[in-house]
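Structure file data-v1.cif with mmCIF, C-alpha atoms:
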data_structure
loop_
_atom_site.label_atom_id
_atom_site.label_comp_id
_atom_site.auth_asym_id
_atom_site.auth_seq_id
_atom_site.Cartn_x
_atom_site.Cartn_y
_atom_site.Cartn_z
CA MET A 1 141.17 54.68 151.93
CA LYS A 2 143.96 55.64 154.36
CA ILE A 3 142.93 56.26 157.98
CA TYR A 4 144.81 58.31 160.57
CA LEU A 5 143.80 56.99 163.99
CA SER A 6 143.93 59.77 166.58
CA VAL A 7 143.76 59.26 170.36
CA PRO A 8 144.51 61.31 173.49
CA TYR A 9 147.93 60.41 174.85
CA THR A 10 149.59 62.79 177.30
CA GLY A 11 148.90 61.76 180.87
CA MET A 12 147.55 58.34 179.90
CA GLU A 13 150.36 57.00 177.73
CA GLU A 14 150.25 53.27 178.51
CA GLU A 15 146.45 53.03 178.43
CA SER A 16 146.25 54.96 175.16
CA PHE A 17 149.01 52.88 173.55
CA HIS A 18 147.31 49.63 174.51
CA LYS A 19 143.77 50.62 173.48
CA VAL A 20 144.68 52.35 170.22
CA SER A 21 146.95 49.49 169.18
CA LEU A 22 144.11 47.01 169.77
CA LYS A 23 141.74 49.18 167.71
CA ALA A 24 144.32 49.62 164.94
CA ALA A 25 144.85 45.85 164.82
CA GLU A 26 141.09 45.29 164.64
CA LEU A 27 140.71 47.76 161.76
CA ILE A 28 143.74 46.40 159.90
CA SER A 29 142.35 42.85 160.27
CA GLN A 30 139.22 44.13 158.49
CA GLY A 31 141.38 45.14 155.52
CA LEU A 32 141.58 48.86 156.27
CA ILE A 33 144.77 50.91 155.80
CA VAL A 34 145.48 52.47 159.21
CA PHE A 35 148.25 54.64 160.61
CA SER A 36 148.20 55.01 164.39
CA PRO A 37 150.87 57.53 165.44
CA ILE A 38 150.81 56.32 169.03
CA SER A 39 151.22 52.67 168.01
CA HIS A 40 154.14 53.73 165.83
CA THR A 41 155.93 56.15 168.17
CA HIS A 42 155.18 55.01 171.73
CA HIS A 43 158.16 52.66 172.03
CA ILE A 44 160.36 54.89 169.88
CA GLY A 45 159.74 57.75 172.30
CA LYS A 46 160.34 55.58 175.36
CA MET A 47 163.66 54.31 174.00
CA LEU A 48 165.12 57.82 173.98
CA SER A 49 162.92 59.39 176.68
CA LEU A 50 161.42 61.75 174.10
CA PRO A 51 158.71 64.21 175.17
CA VAL A 52 155.11 63.01 175.03
CA THR A 53 153.65 66.43 174.23
CA TRP A 54 151.93 67.54 171.03
CA ASP A 55 154.44 70.31 170.32
CA PHE A 56 157.26 67.74 170.06
CA TRP A 57 155.33 65.35 167.77
CA GLN A 58 153.40 67.98 165.80
CA ALA A 59 155.45 67.85 162.59
CA GLN A 60 155.28 64.04 162.50
CA ASP A 61 151.53 63.94 163.13
CA GLU A 62 150.67 66.72 160.69
CA ALA A 63 152.53 64.94 157.89
CA PHE A 64 150.42 61.82 158.39
CA VAL A 65 147.15 63.73 158.79
CA THR A 66 147.96 65.27 155.40
CA TRP A 67 148.68 61.77 153.99
CA ALA A 68 145.43 60.27 155.26
CA ASP A 69 142.06 60.34 153.53
CA GLU A 70 140.10 60.33 156.79
CA ILE A 71 140.80 61.01 160.45
CA TRP A 72 139.24 58.67 162.98
CA VAL A 73 139.26 59.66 166.66
CA LEU A 74 139.27 56.87 169.22
CA CYS A 75 137.10 58.41 171.93
CA LEU A 76 138.93 57.51 175.12
CA ASP A 77 138.48 59.61 178.26
CA GLY A 78 139.85 63.08 177.66
CA TRP A 79 139.62 63.08 173.87
CA LYS A 80 137.62 66.32 173.82
CA LYS A 81 140.31 68.10 175.87
CA SER A 82 143.38 66.63 174.16
CA VAL A 83 145.57 69.31 172.58
CA GLY A 84 146.86 66.84 169.98
CA VAL A 85 143.46 65.42 169.04
CA LYS A 86 141.99 68.91 168.71
CA ALA A 87 144.90 70.01 166.50
CA GLU A 88 144.70 66.90 164.31
CA VAL A 89 140.94 67.31 163.85
CA ALA A 90 141.33 71.02 163.08
CA LEU A 91 143.96 70.28 160.42
CA ALA A 92 141.81 67.53 158.91
CA ARG A 93 138.84 69.87 158.68
CA GLU A 94 141.03 72.62 157.21
CA LEU A 95 142.11 70.12 154.54
CA GLY A 96 138.51 69.04 153.91
CA LYS A 97 138.99 65.53 155.26
CA PRO A 98 136.18 63.62 156.98
CA VAL A 99 136.48 63.12 160.74
CA LYS A 100 134.86 60.06 162.32
CA HIS A 101 134.55 59.32 166.04
CA ILE A 102 134.77 55.69 167.12
CA LEU A 103 134.59 53.81 170.42
CA PRO A 104 137.29 51.50 171.82
#
Exercise: express the given structure as structure tokens:
Amino acid sequence: MKIYLSVPYTGMEEESFHKVSLKAAELISQGLIVFSPISHTHHIGKMLSLPVTWDFWQAQDEAFVTWADEIWVLCLDGWKKSVGVKAEVALARELGKPVKHILP
């Protein structure tokens, strides 16, 4: 099973990067296949001062949501209001993929 690990990001970039990377490492250490877009792109974006908004990263994220078997949402503060998380969950549901909510 391939897991896409979603998390709110804009406005809380460093906290989200740290917490989602810890959770991704924990899940990977359990033998799960995990893609965390924030763990992957946080430093890439900082290197070139790329935007942190969903509209900039949308094509990247949607490709990996499509790739994944399940979407897991790391429920940090603001996850219910996050534009990106809501869009990723909506796409997953449209594609018939399970969505699971997990705690940090």
Proximity to A:Ala63 - best of A:Tyr9, A:Phe35, A:Phe17, A:Trp79, all atoms listed in the file: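 Using all atoms listed in the file, A:Ala63 sits closest to A:Phe35.
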Target residues per the PyMOL selection byres ((chain A and resi 12-14) around 12), formatted as a VMD selection string: chain A and resid 7 to 11 15 to 21 38 to 39 41 to 43 45 to 46 51 to 53 76 to 79 82
Atomic separation - atom CA of A:Pro98 relative to atom CA of A:Thr66, Å: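 Value for the atom CA of A:Thr66-atom CA of A:Pro98 distance: 12.0 Å.
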Hits of the PyMOL selection byres ((chain A and resi 67) around 12) in this structure, as a PyMOL selection string: chain A and resi 1-4+33-35+60-66+68-71+91-92+95+97
Atom-to-atom span, atom CA of A:Ile102 and atom CA of A:Leu22, Å: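 Atom CA of A:Leu22 lies 13.0 Å from atom CA of A:Ile102.
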Answer key for the PyMOL selection byres ((chain A and resi 100) around 6), residues as a PyMOL selection string: chain A and resi 72+99+101
Nearest candidate to A:Ala25 (options A:Val85, A:Leu5, A:Leu48, A:Arg93; using only C-alpha atoms):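 Result for the nearest residue to A:Ala25: A:Leu5.
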Interatomic distance, atom CA of A:Cys75 to atom CA of A:Glu88 (Å, one decimal):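 The value is 13.7 Å.
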Expected file for chain A keeping C-alpha atoms, as a PDB file, in the first residue's frame:
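Heads up, here's the output in result-v2.pdb:
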ATOM      1  CA  MET A   1       0.000   0.000   0.000  1.00  0.00           C
ATOM      2  CA  LYS A   2       1.260   3.480  -0.933  1.00  0.00           C
ATOM      3  CA  ILE A   3       0.327   6.319   1.440  1.00  0.00           C
ATOM      4  CA  TYR A   4       0.175  10.032   0.619  1.00  0.00           C
ATOM      5  CA  LEU A   5       0.709  11.918   3.883  1.00  0.00           C
ATOM      6  CA  SER A   6      -1.150  15.237   3.807  1.00  0.00           C
ATOM      7  CA  VAL A   7      -0.647  18.082   6.300  1.00  0.00           C
ATOM      8  CA  PRO A   8      -1.516  21.794   6.513  1.00  0.00           C
ATOM      9  CA  TYR A   9       1.488  23.890   5.538  1.00  0.00           C
ATOM     10  CA  THR A  10       0.930  27.538   4.613  1.00  0.00           C
ATOM     11  CA  GLY A  11       1.466  29.789   7.599  1.00  0.00           C
ATOM     12  CA  MET A  12       3.093  27.067   9.694  1.00  0.00           C
ATOM     13  CA  GLU A  13       5.817  25.835   7.359  1.00  0.00           C
ATOM     14  CA  GLU A  14       8.597  24.911   9.805  1.00  0.00           C
ATOM     15  CA  GLU A  15       6.272  23.261  12.333  1.00  0.00           C
ATOM     16  CA  SER A  16       4.506  21.268   9.621  1.00  0.00           C
ATOM     17  CA  PHE A  17       7.781  20.180   8.024  1.00  0.00           C
ATOM     18  CA  HIS A  18       9.168  18.981  11.344  1.00  0.00           C
ATOM     19  CA  LYS A  19       6.038  17.147  12.527  1.00  0.00           C
ATOM     20  CA  VAL A  20       5.143  15.515   9.214  1.00  0.00           C
ATOM     21  CA  SER A  21       8.728  14.388   8.652  1.00  0.00           C
ATOM     22  CA  LEU A  22       8.757  12.750  12.094  1.00  0.00           C
ATOM     23  CA  LYS A  23       5.451  11.008  11.348  1.00  0.00           C
ATOM     24  CA  ALA A  24       6.650   9.904   7.897  1.00  0.00           C
ATOM     25  CA  ALA A  25       9.829   8.481   9.442  1.00  0.00           C
ATOM     26  CA  GLU A  26       7.774   6.637  12.057  1.00  0.00           C
ATOM     27  CA  LEU A  27       5.488   5.115   9.407  1.00  0.00           C
ATOM     28  CA  ILE A  28       8.389   4.210   7.111  1.00  0.00           C
ATOM     29  CA  SER A  29      10.168   2.528  10.049  1.00  0.00           C
ATOM     30  CA  GLN A  30       7.047   0.351  10.405  1.00  0.00           C
ATOM     31  CA  GLY A  31       7.532  -0.836   6.823  1.00  0.00           C
ATOM     32  CA  LEU A  32       4.906   1.370   5.181  1.00  0.00           C
ATOM     33  CA  ILE A  33       5.438   3.068   1.807  1.00  0.00           C
ATOM     34  CA  VAL A  34       4.930   6.796   2.452  1.00  0.00           C
ATOM     35  CA  PHE A  35       5.199   9.918   0.327  1.00  0.00           C
ATOM     36  CA  SER A  36       5.108  13.167   2.286  1.00  0.00           C
ATOM     37  CA  PRO A  37       5.027  16.103  -0.147  1.00  0.00           C
ATOM     38  CA  ILE A  38       6.111  18.553   2.544  1.00  0.00           C
ATOM     39  CA  SER A  39       9.066  16.390   3.592  1.00  0.00           C
ATOM     40  CA  HIS A  40      10.053  16.164  -0.068  1.00  0.00           C
ATOM     41  CA  THR A  41       9.551  19.778  -1.162  1.00  0.00           C
ATOM     42  CA  HIS A  42      10.122  21.956   1.919  1.00  0.00           C
ATOM     43  CA  HIS A  43      13.861  22.417   1.384  1.00  0.00           C
ATOM     44  CA  ILE A  44      13.505  22.421  -2.403  1.00  0.00           C
ATOM     45  CA  GLY A  45      11.088  25.329  -2.121  1.00  0.00           C
ATOM     46  CA  LYS A  46      13.292  27.213   0.329  1.00  0.00           C
ATOM     47  CA  MET A  47      16.350  26.868  -1.912  1.00  0.00           C
ATOM     48  CA  LEU A  48      14.663  28.858  -4.684  1.00  0.00           C
ATOM     49  CA  SER A  49      12.197  30.863  -2.567  1.00  0.00           C
ATOM     50  CA  LEU A  50       9.287  29.107  -4.275  1.00  0.00           C
ATOM     51  CA  PRO A  51       5.724  29.925  -3.200  1.00  0.00           C
ATOM     52  CA  VAL A  52       4.253  27.906  -0.332  1.00  0.00           C
ATOM     53  CA  THR A  53       0.670  28.067  -1.616  1.00  0.00           C
ATOM     54  CA  TRP A  54      -1.479  25.211  -2.878  1.00  0.00           C
ATOM     55  CA  ASP A  55      -1.955  26.734  -6.333  1.00  0.00           C
ATOM     56  CA  PHE A  56       1.812  26.570  -6.964  1.00  0.00           C
ATOM     57  CA  TRP A  57       2.207  22.960  -5.769  1.00  0.00           C
ATOM     58  CA  GLN A  58      -1.150  21.646  -6.986  1.00  0.00           C
ATOM     59  CA  ALA A  59       0.104  19.748 -10.053  1.00  0.00           C
ATOM     60  CA  GLN A  60       2.852  18.053  -8.011  1.00  0.00           C
ATOM     61  CA  ASP A  61       0.501  17.065  -5.197  1.00  0.00           C
ATOM     62  CA  GLU A  62      -2.299  15.845  -7.444  1.00  0.00           C
ATOM     63  CA  ALA A  63       0.098  13.539  -9.305  1.00  0.00           C
ATOM     64  CA  PHE A  64       1.090  11.862  -6.041  1.00  0.00           C
ATOM     65  CA  VAL A  65      -2.473  11.681  -4.701  1.00  0.00           C
ATOM     66  CA  THR A  66      -3.295   9.827  -7.926  1.00  0.00           C
ATOM     67  CA  TRP A  67      -0.273   7.522  -7.368  1.00  0.00           C
ATOM     68  CA  ALA A  68      -1.207   6.688  -3.771  1.00  0.00           C
ATOM     69  CA  ASP A  69      -3.575   3.967  -2.614  1.00  0.00           C
ATOM     70  CA  GLU A  70      -4.657   5.888   0.488  1.00  0.00           C
ATOM     71  CA  ILE A  71      -4.495   9.461   1.740  1.00  0.00           C
ATOM     72  CA  TRP A  72      -3.613   9.984   5.380  1.00  0.00           C
ATOM     73  CA  VAL A  73      -4.118  13.428   6.921  1.00  0.00           C
ATOM     74  CA  LEU A  74      -1.869  14.413   9.802  1.00  0.00           C
ATOM     75  CA  CYS A  75      -4.291  16.424  11.926  1.00  0.00           C
ATOM     76  CA  LEU A  76      -2.224  19.409  12.996  1.00  0.00           C
ATOM     77  CA  ASP A  77      -3.912  22.670  13.967  1.00  0.00           C
ATOM     78  CA  GLY A  78      -5.660  24.126  10.949  1.00  0.00           C
ATOM     79  CA  TRP A  79      -6.034  20.913   8.965  1.00  0.00           C
ATOM     80  CA  LYS A  80      -9.784  21.399   8.549  1.00  0.00           C
ATOM     81  CA  LYS A  81      -9.241  24.872   7.036  1.00  0.00           C
ATOM     82  CA  SER A  82      -6.218  24.072   4.863  1.00  0.00           C
ATOM     83  CA  VAL A  83      -6.891  24.711   1.174  1.00  0.00           C
ATOM     84  CA  GLY A  84      -4.344  22.070   0.164  1.00  0.00           C
ATOM     85  CA  VAL A  85      -5.556  19.381   2.564  1.00  0.00           C
ATOM     86  CA  LYS A  86      -9.173  19.953   1.517  1.00  0.00           C
ATOM     87  CA  ALA A  87      -8.218  19.714  -2.175  1.00  0.00           C
ATOM     88  CA  GLU A  88      -6.137  16.566  -1.656  1.00  0.00           C
ATOM     89  CA  VAL A  89      -8.941  14.883   0.293  1.00  0.00           C
ATOM     90  CA  ALA A  90     -11.524  15.907  -2.318  1.00  0.00           C
ATOM     91  CA  LEU A  91      -9.394  14.441  -5.121  1.00  0.00           C
ATOM     92  CA  ALA A  92      -8.827  11.235  -3.155  1.00  0.00           C
ATOM     93  CA  ARG A  93     -12.552  10.829  -2.587  1.00  0.00           C
ATOM     94  CA  GLU A  94     -13.272  11.593  -6.249  1.00  0.00           C
ATOM     95  CA  LEU A  95     -10.839   8.802  -7.152  1.00  0.00           C
ATOM     96  CA  GLY A  96     -12.428   6.429  -4.622  1.00  0.00           C
ATOM     97  CA  LYS A  97      -9.390   6.300  -2.351  1.00  0.00           C
ATOM     98  CA  PRO A  98      -9.691   5.846   1.414  1.00  0.00           C
ATOM     99  CA  VAL A  99      -8.904   8.859   3.594  1.00  0.00           C
ATOM    100  CA  LYS A 100      -7.572   8.285   7.110  1.00  0.00           C
ATOM    101  CA  HIS A 101      -6.999  10.932   9.786  1.00  0.00           C
ATOM    102  CA  ILE A 102      -4.050  10.435  12.132  1.00  0.00           C
ATOM    103  CA  LEU A 103      -2.567  12.322  15.074  1.00  0.00           C
ATOM    104  CA  PRO A 104       1.021  13.596  15.320  1.00  0.00           C
TER     105      PRO A 104
END
